[in-house]
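Notes for the one structure printed next.
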Amino acid sequence: MIRDEETLNLLLDSVRRFVREVLVPHEHEVSESDEIPPAVVAQMRELGLFGLSIPEAYGGLQLTMEEEVRVAFEIAYTSPAFRSLIGTNNGIGSQGIVIDGTEAQKKHYLPKLAAGDIIGSFALTEPGAGSDAASLRTSAVRDGEHYIINGTKRYITNAPEASIYTVMARTDPARKGAGAISAFIVEKDTPGLTLGKVDKKMGQRGAHTCDVIFENCRVPAANLIGGKEGVGFKTAMKVLDKGRLHIAAVCVGAAERMLEDALRYAMEREQFGHAIADFQLIQAMLADSKAEIYAARSMVLDAARRRDNKEDVSTEASCCKLFASEMCGRVADRSVQIHGGAGYIAEYAAERFYRDVRLFRIYEGTSQIQQIVIARNMIKAAQR
């Protein structure tokens with residue numbers, strides 16, 4: 001749903017220029033230093049990129065899902081590290097509060113997240129609970145006006161930079177499964193919260209993850225999201241449905257950048273007296289990539305519009321995440337192949353993107369989890 005086409009186009013034009021004129025020139029620097037320059041982060045704040053999906057009442061732009069994915073197409077044209085920094089504030093780091101938070105929680109945290117004054121993070125995954133999120137062991141025991149949290153969260157995006165963490169913890173140890181899981185807002189300076197060392201990853205340098213460790217961490221009961229126990233897993237799933245559409249859009253944007261680079265290289269690189277773009281086997285890889293990107297873009301836009309129309313898009317979101325992330329991996333592989341030996345050299349963006357986009361098939365639910373979600377939803381629908 002597009003609320004105002006003219007206003008949206010102005011935003012898209014601004015983001016497009018910023019990405020190409022500011023972010024793309026900093027890609028190599030970020031990859032080498034593993035840090036996004038503070039001056040660039042400041043410009044991202046000024047553009048309002050930290051508050052794209054946060055309601056206007058709390059200082060955000062309150063983009064619809066369709067508007068958000070169209071912005072994501074543009075932001076993803078560059079290194080995923082830039083999007084990752086703003087991604088948690090617009091997605092999993094804020095949406096639990098937006099969707100199910102109390103009014104007091106929204107007023108206190110959302111304006112700071114929208115302004116980029118603080119970074120939000122989403123702490124669900126554990127050493128023993130990844131795809132099987134409902135088996136998490138982190139506990140939260142009520143103690144008067146506080147909860148005592150104990151446990152370890154792993155691979156938490158933006159954890160080193162975060163000021164607040166949305167933490168999933170088990171509040172009823174006697175119950176197994178998702179019904180005993182609650183969601184908490186935990187501030188970084190809370191006694192008992194410590195961070196592990198920053199992970200060294202295959203790709204996405206400049207985007208940081210690490211363990212978040214809770215040892216008798218006392219969290220005010222007022223920080224229980226929604227003020228109700230046992231609904232945290234439902235909150236997490238609602239957040240992830242939205243996040244899967246966003247990541248699918250990011251996959252489309254990244255794939256478009258890789259295809260553009262591959263096409264340019266194929267038109268400039270000569271072999272046997274011809275540009276390699278003249279060779280049909282190269283053309284086939286270019287054509288397959290173009291068709292798959294178009295299909296993924298169409299899927300994402302359709303699912304986003306359905307979500308804006310208040311439809312249940314659990315199946316569609318998983319379809320988008322599955323297809324778009326796998327598509328992005330295939331485009332990355334073809335891009336390296338078209339570049340030949342140059343595609344294996346760090347001087348070319350093809351090498352970096354090949355490593356960076358591999359993560360898209362893993363986080364926000366692996367491709368295999370998406371397959372399970374899609375199939376189970378199909379079976380449920382058929383049994384009605």
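Labels used: A, B, ... for chains in the order of the structure tokens, numbers from 1 for residues in each chain, and numbers from 1 for ligands as shown.
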
Would you kindly return, as a PDB file with all heavy atoms, in the first residue's frame, each protein, DNA or RNA residue with an atom no farther than 10 Å from any atom of Ser33 of chain A, considering only C-alpha atoms and excluding same-chain residues fewer than 5 positions away?
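Saved as selection_1.pdb:
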ATOM      1  N   HIS A  28      34.585  -0.688   0.471  1.00  0.00           N
ATOM      2  CA  HIS A  28      35.892  -1.329   0.667  1.00  0.00           C
ATOM      3  C   HIS A  28      36.467  -0.974   2.029  1.00  0.00           C
ATOM      4  O   HIS A  28      37.018  -1.837   2.729  1.00  0.00           O
ATOM      5  CB  HIS A  28      36.861  -0.919  -0.441  1.00  0.00           C
ATOM      6  CG  HIS A  28      38.189  -1.611  -0.357  1.00  0.00           C
ATOM      7  ND1 HIS A  28      38.355  -2.952  -0.640  1.00  0.00           N
ATOM      8  CD2 HIS A  28      39.417  -1.148   0.014  1.00  0.00           C
ATOM      9  CE1 HIS A  28      39.622  -3.289  -0.459  1.00  0.00           C
ATOM     10  NE2 HIS A  28      40.284  -2.215  -0.062  1.00  0.00           N
ATOM     11  N   ARG A 205      31.401  -8.028   6.975  1.00  0.00           N
ATOM     12  CA  ARG A 205      32.254  -7.252   7.873  1.00  0.00           C
ATOM     13  C   ARG A 205      31.674  -5.846   8.017  1.00  0.00           C
ATOM     14  O   ARG A 205      31.185  -5.258   7.071  1.00  0.00           O
ATOM     15  CB  ARG A 205      33.688  -7.191   7.339  1.00  0.00           C
ATOM     16  CG  ARG A 205      34.403  -8.526   7.426  1.00  0.00           C
ATOM     17  CD  ARG A 205      35.803  -8.477   6.843  1.00  0.00           C
ATOM     18  NE  ARG A 205      36.659  -7.499   7.504  1.00  0.00           N
ATOM     19  CZ  ARG A 205      37.287  -7.688   8.669  1.00  0.00           C
ATOM     20  NH1 ARG A 205      37.127  -8.836   9.309  1.00  0.00           N
ATOM     21  NH2 ARG A 205      38.044  -6.759   9.190  1.00  0.00           N
ATOM     22  N   GLY A 206      31.709  -5.329   9.240  1.00  0.00           N
ATOM     23  CA  GLY A 206      31.064  -4.063   9.550  1.00  0.00           C
ATOM     24  C   GLY A 206      29.732  -4.267  10.231  1.00  0.00           C
ATOM     25  O   GLY A 206      29.209  -3.350  10.866  1.00  0.00           O
TER      26      GLY A 206
END

At a cut-off of 8 Å, using only C-alpha atoms, what residues contact His246 of chain A? Leave out same-chain residues fewer than 2 positions from it and give the result as a PyMOL selection string.
chain A and resi 68-69+72+242-244+248-250

Env of segment 87-92 of chain A: 8 Å cut, atoms = only C-alpha atoms, seq-sep filter 2 positions within chain, self excluded. Answer as JSON, numbers by chain.
{"A": [50, 51, 52, 53, 54, 83, 84, 85, 94, 95, 96, 113, 114, 116, 119, 120, 121, 122, 157, 158, 239, 240, 242, 243]}

Residues near Gly365 of chain A, cut-off 12 Å, only C-alpha atoms, skip fewer than 5 positions along chain, as a list of chain:residue names
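Everything that qualifies: A:Leu124, A:Thr125, A:Gly130, A:Ser131, A:Asp132, A:Ala133, A:Ala236, A:Met237, A:Val239, A:Leu240, A:Asp241, A:Gly243, A:Arg244, A:Leu245, A:Ile247, A:Ala248, A:Ala317, A:Ser318, A:Cys319, A:Cys320, A:Lys321, A:Leu322, A:Ser325, A:Leu359, A:Phe360, A:Gln370, A:Gln371, A:Ile372, A:Val373.
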
Emit the selected residues as an mmCIF file, in the first residue's frame, including N, CA, C and O atoms.
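Output file result06.cif is given in full below:
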data_model
loop_
_atom_site.group_PDB
_atom_site.id
_atom_site.type_symbol
_atom_site.label_atom_id
_atom_site.label_comp_id
_atom_site.auth_asym_id
_atom_site.auth_seq_id
_atom_site.Cartn_x
_atom_site.Cartn_y
_atom_site.Cartn_z
ATOM 1 N N LEU A 124 17.137 -13.979 20.624
ATOM 2 C CA LEU A 124 16.341 -15.201 20.631
ATOM 3 C C LEU A 124 17.224 -16.449 20.581
ATOM 4 O O LEU A 124 17.110 -17.341 21.411
ATOM 5 N N THR A 125 18.141 -16.493 19.613
ATOM 6 C CA THR A 125 18.968 -17.684 19.393
ATOM 7 C C THR A 125 19.881 -17.967 20.577
ATOM 8 O O THR A 125 20.425 -17.052 21.200
ATOM 9 N N GLY A 130 18.460 -22.847 17.982
ATOM 10 C CA GLY A 130 18.549 -22.003 16.804
ATOM 11 C C GLY A 130 17.252 -22.066 16.035
ATOM 12 O O GLY A 130 16.301 -21.349 16.312
ATOM 13 N N SER A 131 17.184 -22.993 15.077
ATOM 14 C CA SER A 131 15.938 -23.178 14.336
ATOM 15 C C SER A 131 14.805 -23.620 15.258
ATOM 16 O O SER A 131 13.649 -23.250 15.062
ATOM 17 N N ASP A 132 15.145 -24.422 16.281
ATOM 18 C CA ASP A 132 14.144 -24.868 17.260
ATOM 19 C C ASP A 132 14.059 -23.839 18.382
ATOM 20 O O ASP A 132 14.439 -24.089 19.524
ATOM 21 N N ALA A 133 13.537 -22.655 18.032
ATOM 22 C CA ALA A 133 13.540 -21.538 18.979
ATOM 23 C C ALA A 133 12.707 -21.813 20.217
ATOM 24 O O ALA A 133 12.986 -21.287 21.301
ATOM 25 N N ALA A 236 7.540 -12.932 18.966
ATOM 26 C CA ALA A 236 8.707 -13.205 18.125
ATOM 27 C C ALA A 236 8.295 -13.642 16.729
ATOM 28 O O ALA A 236 8.873 -13.205 15.719
ATOM 29 N N MET A 237 7.286 -14.502 16.625
ATOM 30 C CA MET A 237 6.850 -14.991 15.320
ATOM 31 C C MET A 237 6.234 -13.877 14.486
ATOM 32 O O MET A 237 6.419 -13.813 13.261
ATOM 33 N N VAL A 239 7.052 -10.754 14.707
ATOM 34 C CA VAL A 239 8.199 -9.938 14.306
ATOM 35 C C VAL A 239 8.925 -10.593 13.136
ATOM 36 O O VAL A 239 9.323 -9.928 12.164
ATOM 37 N N LEU A 240 9.100 -11.909 13.199
ATOM 38 C CA LEU A 240 9.841 -12.612 12.158
ATOM 39 C C LEU A 240 9.086 -12.649 10.835
ATOM 40 O O LEU A 240 9.706 -12.618 9.767
ATOM 41 N N ASP A 241 7.761 -12.718 10.871
ATOM 42 C CA ASP A 241 6.993 -12.671 9.622
ATOM 43 C C ASP A 241 7.297 -11.385 8.859
ATOM 44 O O ASP A 241 7.528 -11.403 7.646
ATOM 45 N N GLY A 243 9.964 -9.476 9.373
ATOM 46 C CA GLY A 243 11.380 -9.483 9.058
ATOM 47 C C GLY A 243 11.714 -10.312 7.838
ATOM 48 O O GLY A 243 12.631 -9.976 7.075
ATOM 49 N N ARG A 244 10.977 -11.393 7.630
ATOM 50 C CA ARG A 244 11.244 -12.245 6.473
ATOM 51 C C ARG A 244 10.929 -11.527 5.170
ATOM 52 O O ARG A 244 11.641 -11.697 4.166
ATOM 53 N N LEU A 245 9.885 -10.725 5.157
ATOM 54 C CA LEU A 245 9.592 -9.929 3.965
ATOM 55 C C LEU A 245 10.684 -8.897 3.725
ATOM 56 O O LEU A 245 11.097 -8.659 2.583
ATOM 57 N N ILE A 247 13.880 -9.054 4.682
ATOM 58 C CA ILE A 247 15.098 -9.712 4.214
ATOM 59 C C ILE A 247 14.949 -10.169 2.770
ATOM 60 O O ILE A 247 15.900 -10.095 1.976
ATOM 61 N N ALA A 248 13.769 -10.639 2.391
ATOM 62 C CA ALA A 248 13.540 -11.020 1.000
ATOM 63 C C ALA A 248 13.756 -9.825 0.075
ATOM 64 O O ALA A 248 14.338 -9.962 -1.012
ATOM 65 N N ALA A 317 5.193 -14.897 3.407
ATOM 66 C CA ALA A 317 6.465 -14.364 3.894
ATOM 67 C C ALA A 317 7.556 -15.425 3.817
ATOM 68 O O ALA A 317 8.698 -15.149 3.432
ATOM 69 N N SER A 318 7.198 -16.653 4.183
ATOM 70 C CA SER A 318 8.178 -17.744 4.108
ATOM 71 C C SER A 318 8.520 -18.080 2.661
ATOM 72 O O SER A 318 9.677 -18.373 2.342
ATOM 73 N N CYS A 319 7.519 -18.033 1.774
ATOM 74 C CA CYS A 319 7.784 -18.255 0.354
ATOM 75 C C CYS A 319 8.773 -17.212 -0.183
ATOM 76 O O CYS A 319 9.715 -17.541 -0.920
ATOM 77 N N CYS A 320 8.545 -15.964 0.183
ATOM 78 C CA CYS A 320 9.430 -14.879 -0.263
ATOM 79 C C CYS A 320 10.843 -15.065 0.263
ATOM 80 O O CYS A 320 11.828 -14.941 -0.480
ATOM 81 N N LYS A 321 10.948 -15.341 1.566
ATOM 82 C CA LYS A 321 12.268 -15.510 2.175
ATOM 83 C C LYS A 321 13.013 -16.692 1.550
ATOM 84 O O LYS A 321 14.205 -16.604 1.237
ATOM 85 N N LEU A 322 12.313 -17.807 1.353
ATOM 86 C CA LEU A 322 12.919 -18.993 0.759
ATOM 87 C C LEU A 322 13.394 -18.714 -0.664
ATOM 88 O O LEU A 322 14.579 -18.909 -0.993
ATOM 89 N N SER A 325 16.114 -15.580 -1.008
ATOM 90 C CA SER A 325 17.454 -15.840 -0.478
ATOM 91 C C SER A 325 18.195 -16.884 -1.309
ATOM 92 O O SER A 325 19.399 -16.755 -1.565
ATOM 93 N N LEU A 359 24.669 -15.466 4.156
ATOM 94 C CA LEU A 359 23.943 -15.446 5.423
ATOM 95 C C LEU A 359 22.431 -15.343 5.230
ATOM 96 O O LEU A 359 21.665 -15.767 6.088
ATOM 97 N N PHE A 360 22.003 -14.792 4.107
ATOM 98 C CA PHE A 360 20.570 -14.583 3.892
ATOM 99 C C PHE A 360 19.784 -15.893 3.924
ATOM 100 O O PHE A 360 18.592 -15.900 4.212
ATOM 101 N N GLN A 370 11.861 -22.434 6.428
ATOM 102 C CA GLN A 370 10.821 -21.850 5.577
ATOM 103 C C GLN A 370 10.036 -22.948 4.862
ATOM 104 O O GLN A 370 8.801 -22.866 4.739
ATOM 105 N N GLN A 371 10.731 -23.973 4.394
ATOM 106 C CA GLN A 371 10.045 -25.090 3.740
ATOM 107 C C GLN A 371 9.057 -25.763 4.691
ATOM 108 O O GLN A 371 7.930 -26.106 4.303
ATOM 109 N N ILE A 372 9.482 -25.938 5.940
ATOM 110 C CA ILE A 372 8.608 -26.565 6.934
ATOM 111 C C ILE A 372 7.390 -25.694 7.209
ATOM 112 O O ILE A 372 6.249 -26.180 7.261
ATOM 113 N N VAL A 373 7.597 -24.395 7.384
ATOM 114 C CA VAL A 373 6.489 -23.468 7.641
ATOM 115 C C VAL A 373 5.490 -23.500 6.490
ATOM 116 O O VAL A 373 4.268 -23.588 6.694
#

DSSP alpha helix (DSSP H) selection over segment 174-271 of chain A, as a PyMOL selection string:
chain A and resi 232-268
